[in-house]
Amino acid sequence: MATSATPAGLRAPSAGRARSSRTRILAISRATSATATSQDVIARGSARRVQIPVVDLSEPDAVCASIVRTACDSCGFFHVVNHGVDDNLAFDVIRWGATFFDRPWDDKMALVRGDMRVSRGYEISPEHIEALDRDVTREEELAAREPSAARRIISERFSVGPFDVPNDSYHTDEEGALFFHPNAWPEDSIPSLRPAMEAYYREMESLCARLHRVLALAMGAPADFFEDKIDKHCSNLQVANYPSLDPSRWRDSDRIPLRKKSHADSGTLTVLWRSPPTEGTKGGLQVLDDTAGTWVDVPVLPGGNERESGALLINLGNQTQRWTDGKWVSTKHRVTNPDVHAPGYAPSRRLSVAFFHKANYDAVIDHRDFVPGRERDAPSVSYPPVRSGDVSRVGALRRLGRGVDAREASMRYHEELMGGRDRAERAAGESTAVKIDASAETEGEPPKKGEPPKKAEPEADRWASLMDPRGQAGPISAGDLGLDRGASAEGAGAGNDNPAAGCPVCRGTGWKPCGQCGGTGINREDLFGGKFKEGDTCWLCSGKKKTMCGNCVDLTDSF
Ligand SMILES: O=C(O)CCC(=O)C(=O)O
Ligand SMILES: [Fe+2]
């Protein structure tokens, strides 16, 4: 069944709203225009000067590289403008992605992949599952103006990987088949999603080829350093939906699980497109300044020309951190919620499109190849050479997940990826509370040109029409959400990603008793056909008797 051009459950915004939104966006774009060239954007509220510069890709590689070096020597985030990615491509991904997210739960679940080693299809992060309202009927969903919000989904995503994959052993053998697994598409219900995402994926491939040349130059390596290491990349494209948060359903803003908890991305770099914030909406992407202990807002900036709806945000991932032996870092970031009880708050969904670029799964990451001055026979190697695939989510899950179910594999993966053991042990002994810079994301330039719908719709409206909910469902209490843990101190901190902040599950330690062995450290029975034996050290917690808290410590994945 083909769907209409406008995502179900969304209304066109009123002209008045669109006008005021547009005026505001233009005002901010004027305010930021001086920074929309290759200059630093200085984060507010930070004790350290976190530099997230804007790189103008119409400049030669060498010019870009010098600015990229500044960014990478800082937190590894930078904006790019004049990136050449047509606004209409991003818009189509968002439009058809939103249409998919607005389908009833069962339709989306049909595309869920149970095996987390395969980054394909529909997914909700584990820590958000608890907030779901499972009793919503299909009829209610179909009638809802924003079905995911009615379901109390905090965030959801749809992911695809490479397509048109060659039928050779590299792509189809046991390992290749995981990285190049076929995509799952809602072919019947939303046929336009596939061409939209495939077209955007192709654009990202070209952009990333350029960005890797610039990265290499920024490190002082030859411009083509990455060429034979990314020519069979296994990157993922993700469209994410953060549904509106209805104030009537949440008694206390602080209890709403974060839209995306603190995490680092696992590839070489990520290219992120974000919908511009709607009027009155705070919250959004923040980057951790770990020397100052602050979270820093990352504004949505204008694009460099009329074909660009906005700057794209680039951040380094774990593969690049390893390639530089930690000289450049894969910095943690998160997506915060708007304060739903702030005066003037207008419920609004947030959408983003992330391209997680990952090198060829068999590319060997060895910093002695990449960082000038590193000798091949140097005695100490802080990051030993590793195959790129083993650094990515798929590879790590493959390694850690042998014989265990997908969720447990994911848990093990995150423990390793986030250095969770150390962090949680520390958190048990000392306060690591971070201060939060509560200032809002600033707005970016709206798209200049619209394609469909072809009717005369003000330019700013087509974005707004994807993000504004058409109304609110009836009042639901926090208790209904399964998140009302009472007004006690233990109740505070649900959804907080800092284990020292009073999480009701781990009580601030970052750990909870191992669910597999019941906190004994010993397998209670034979498991997985006798692979793990009763009485042996617990296969999950390795005898530690505890596993990481999934409530407040980030167990979401970062690809
Ligand atoms: O949605 C966003 O703005 C960021 C999402 C993100 O960081 C991720 O999915 O890794
Ligand atoms: Fe991320």
# chains A, B, ... in the order shown; residues from 1 in each chain; ligands from 1
>>> residues_near_ligand(ligand="ligand 2", cutoff="12 Å", atoms="only C-alpha atoms and all ligand atoms", output="PyMOL selection string")
chain A and resi 77+238+240+259-267+269-274+285-288+313-318+330-335+352-357+554+556-559
>>> residues_around(residues="Arg398 (chain A)", least_positions_apart="6", cutoff="9 Å", atoms="only C-alpha atoms", output="ChimeraX atom specification")
/A:117,175,178,390,409
>>> residues_around(residues="Gly344 (chain A)", least_positions_apart="2", cutoff="12 Å", atoms="only C-alpha atoms", output="VMD selection string")
chain A and resid 247 278 to 282 338 to 342 346 to 348
>>> residues_around(residues="Glu139 (chain A)", least_positions_apart="3", cutoff="12 Å", atoms="only C-alpha atoms", output="MDAnalysis selection string")
chainID A and resid 103:106 135:136 142:145 147 150
>>> atom_distance(atom1="CA of Ser275 (chain A)", atom2="atom 2 (C, counted along the ligand's line) of ligand 1")
9.3 Å
>>> residues_around(residues="region 119-133 of chain A", least_positions_apart="5", cutoff="6 Å", atoms="only C-alpha atoms", output="list in words")
Leu111, Val112, Arg151, Arg152, Ile153, Glu156, Arg157, Phe158, Ser159, Val160, Asn183, Ala184, Leu481, Asn551 and Thr556 of chain A
>>> select_by_dssp(residues="region 81-195 of chain A", states="strand (DSSP E)", output="ChimeraX atom specification")
/A:81,121-123,156-160
>>> residues_around(residues="region 215-228 of chain A", least_positions_apart="2", cutoff="9 Å", atoms="only C-alpha atoms", output="PyMOL selection string")
chain A and resi 61-62+64-70+72+209-213+230-232+324+359-360+363+369-372
>>> write_last_selection(atoms="N, CA, C and O atoms", output="tab-separated table (two decimals), in the first residue's frame")
chain	number	residue	atom	x	y	z
A	61	ASP	N	41.69	21.10	-0.10
A	61	ASP	CA	41.89	20.12	0.98
A	61	ASP	C	42.86	20.63	2.05
A	61	ASP	O	42.62	20.43	3.25
A	62	ALA	N	43.93	21.28	1.61
A	62	ALA	CA	44.96	21.69	2.58
A	62	ALA	C	44.40	22.72	3.56
A	62	ALA	O	44.72	22.70	4.75
A	64	CYS	N	41.19	23.05	4.38
A	64	CYS	CA	40.25	22.33	5.26
A	64	CYS	C	41.02	21.56	6.32
A	64	CYS	O	40.63	21.52	7.50
A	65	ALA	N	42.13	20.94	5.89
A	65	ALA	CA	42.87	20.08	6.82
A	65	ALA	C	43.39	20.86	8.02
A	65	ALA	O	43.42	20.34	9.14
A	66	SER	N	43.77	22.12	7.80
A	66	SER	CA	44.33	22.84	8.94
A	66	SER	C	43.24	23.12	9.97
A	66	SER	O	43.50	23.12	11.18
A	67	ILE	N	42.01	23.34	9.50
A	67	ILE	CA	40.93	23.59	10.46
A	67	ILE	C	40.49	22.27	11.11
A	67	ILE	O	40.21	22.21	12.30
A	68	VAL	N	40.47	21.23	10.31
A	68	VAL	CA	40.10	19.91	10.85
A	68	VAL	C	41.09	19.49	11.93
A	68	VAL	O	40.72	18.90	12.95
A	69	ARG	N	42.35	19.83	11.73
A	69	ARG	CA	43.36	19.47	12.74
A	69	ARG	C	43.04	20.13	14.08
A	69	ARG	O	43.11	19.51	15.13
A	70	THR	N	42.65	21.41	14.02
A	70	THR	CA	42.27	22.12	15.25
A	70	THR	C	41.14	21.38	15.95
A	70	THR	O	41.15	21.18	17.16
A	72	CYS	N	40.23	18.22	15.60
A	72	CYS	CA	40.59	16.87	16.06
A	72	CYS	C	41.51	16.93	17.27
A	72	CYS	O	41.48	16.04	18.12
A	209	ALA	N	34.64	10.05	1.41
A	209	ALA	CA	35.91	9.86	0.70
A	209	ALA	C	36.73	11.15	0.80
A	209	ALA	O	37.93	11.14	1.11
A	210	ARG	N	36.08	12.27	0.59
A	210	ARG	CA	36.77	13.57	0.71
A	210	ARG	C	37.22	13.81	2.15
A	210	ARG	O	38.36	14.23	2.41
A	211	LEU	N	36.33	13.56	3.09
A	211	LEU	CA	36.66	13.83	4.49
A	211	LEU	C	37.86	13.00	4.96
A	211	LEU	O	38.69	13.47	5.74
A	212	HIS	N	37.96	11.78	4.45
A	212	HIS	CA	39.10	10.95	4.86
A	212	HIS	C	40.41	11.47	4.25
A	212	HIS	O	41.46	11.35	4.87
A	213	ARG	N	40.33	12.05	3.06
A	213	ARG	CA	41.54	12.67	2.50
A	213	ARG	C	41.98	13.83	3.40
A	213	ARG	O	43.15	13.99	3.71
A	230	ILE	N	39.19	2.01	2.94
A	230	ILE	CA	37.75	2.31	3.01
A	230	ILE	C	37.04	1.99	1.69
A	230	ILE	O	35.87	2.33	1.53
A	231	ASP	N	37.75	1.34	0.77
A	231	ASP	CA	37.11	1.10	-0.54
A	231	ASP	C	36.07	-0.02	-0.48
A	231	ASP	O	35.30	-0.20	-1.43
A	232	LYS	N	36.02	-0.74	0.62
A	232	LYS	CA	34.95	-1.72	0.82
A	232	LYS	C	34.33	-1.47	2.21
A	232	LYS	O	34.12	-2.38	3.00
A	324	THR	N	44.91	6.87	15.63
A	324	THR	CA	45.82	7.94	16.08
A	324	THR	C	46.42	7.60	17.44
A	324	THR	O	47.03	8.46	18.07
A	359	ALA	N	35.50	1.66	8.28
A	359	ALA	CA	36.51	1.21	7.33
A	359	ALA	C	36.23	-0.25	6.93
A	359	ALA	O	35.43	-0.94	7.57
A	360	ASN	N	36.90	-0.70	5.88
A	360	ASN	CA	36.82	-2.11	5.48
A	360	ASN	C	37.01	-2.98	6.71
A	360	ASN	O	37.91	-2.72	7.53
A	363	ALA	N	40.58	-3.98	7.34
A	363	ALA	CA	41.66	-2.98	7.36
A	363	ALA	C	42.34	-3.03	8.73
A	363	ALA	O	41.66	-2.99	9.77
A	369	ASP	N	51.33	3.33	11.17
A	369	ASP	CA	51.20	3.64	9.75
A	369	ASP	C	50.71	5.07	9.54
A	369	ASP	O	50.98	5.69	8.52
A	370	PHE	N	49.93	5.55	10.49
A	370	PHE	CA	49.15	6.77	10.25
A	370	PHE	C	49.78	8.01	10.87
A	370	PHE	O	49.75	9.09	10.29
A	371	VAL	N	50.33	7.87	12.06
A	371	VAL	CA	50.82	9.05	12.77
A	371	VAL	C	52.30	9.26	12.44
A	371	VAL	O	53.12	8.38	12.69
A	372	PRO	N	52.64	10.41	11.87
A	372	PRO	CA	54.03	10.64	11.50
A	372	PRO	C	54.95	10.49	12.70
A	372	PRO	O	54.59	10.87	13.81
>>> select_by_dssp(residues="region 89-143 of chain A", states="alpha helix (DSSP H)", output="ChimeraX atom specification")
/A:89-101,105-109,138-143
>>> write_last_selection(atoms="C-alpha atoms", output="PDB file, in the first residue's frame")
ATOM      1  CA  LEU A  89      18.045  14.211  -0.296  1.00  0.00           C
ATOM      2  CA  ALA A  90      18.080  14.754   3.447  1.00  0.00           C
ATOM      3  CA  PHE A  91      14.495  15.893   3.348  1.00  0.00           C
ATOM      4  CA  ASP A  92      13.361  12.715   1.585  1.00  0.00           C
ATOM      5  CA  VAL A  93      15.089  10.510   4.144  1.00  0.00           C
ATOM      6  CA  ILE A  94      13.430  12.443   6.950  1.00  0.00           C
ATOM      7  CA  ARG A  95      10.040  12.508   5.282  1.00  0.00           C
ATOM      8  CA  TRP A  96       9.864   8.806   4.475  1.00  0.00           C
ATOM      9  CA  GLY A  97      11.610   7.913   7.700  1.00  0.00           C
ATOM     10  CA  ALA A  98       8.970   9.840   9.639  1.00  0.00           C
ATOM     11  CA  THR A  99       6.293   8.064   7.621  1.00  0.00           C
ATOM     12  CA  PHE A 100       7.796   4.751   8.678  1.00  0.00           C
ATOM     13  CA  PHE A 101       8.021   5.752  12.336  1.00  0.00           C
ATOM     14  CA  TRP A 105       3.999  -0.778  16.286  1.00  0.00           C
ATOM     15  CA  ASP A 106       3.397  -4.151  14.619  1.00  0.00           C
ATOM     16  CA  ASP A 107       4.497  -2.856  11.232  1.00  0.00           C
ATOM     17  CA  LYS A 108       7.740  -1.579  12.699  1.00  0.00           C
ATOM     18  CA  MET A 109       8.326  -4.716  14.716  1.00  0.00           C
ATOM     19  CA  ARG A 138      -3.627  -0.792  16.545  1.00  0.00           C
ATOM     20  CA  GLU A 139      -6.843   1.197  16.265  1.00  0.00           C
ATOM     21  CA  GLU A 140      -5.595   3.696  18.819  1.00  0.00           C
ATOM     22  CA  GLU A 141      -2.301   3.965  16.994  1.00  0.00           C
ATOM     23  CA  LEU A 142      -3.947   4.531  13.674  1.00  0.00           C
ATOM     24  CA  ALA A 143      -6.048   7.258  15.244  1.00  0.00           C
TER      25      ALA A 143
END
>>> atom_distance(atom1="CA of Glu534 (chain A)", atom2="CA of Gly521 (chain A)")
11.1 Å
>>> atom_distance(atom1="CA of Val296 (chain A)", atom2="CA of Trp511 (chain A)")
26.9 Å
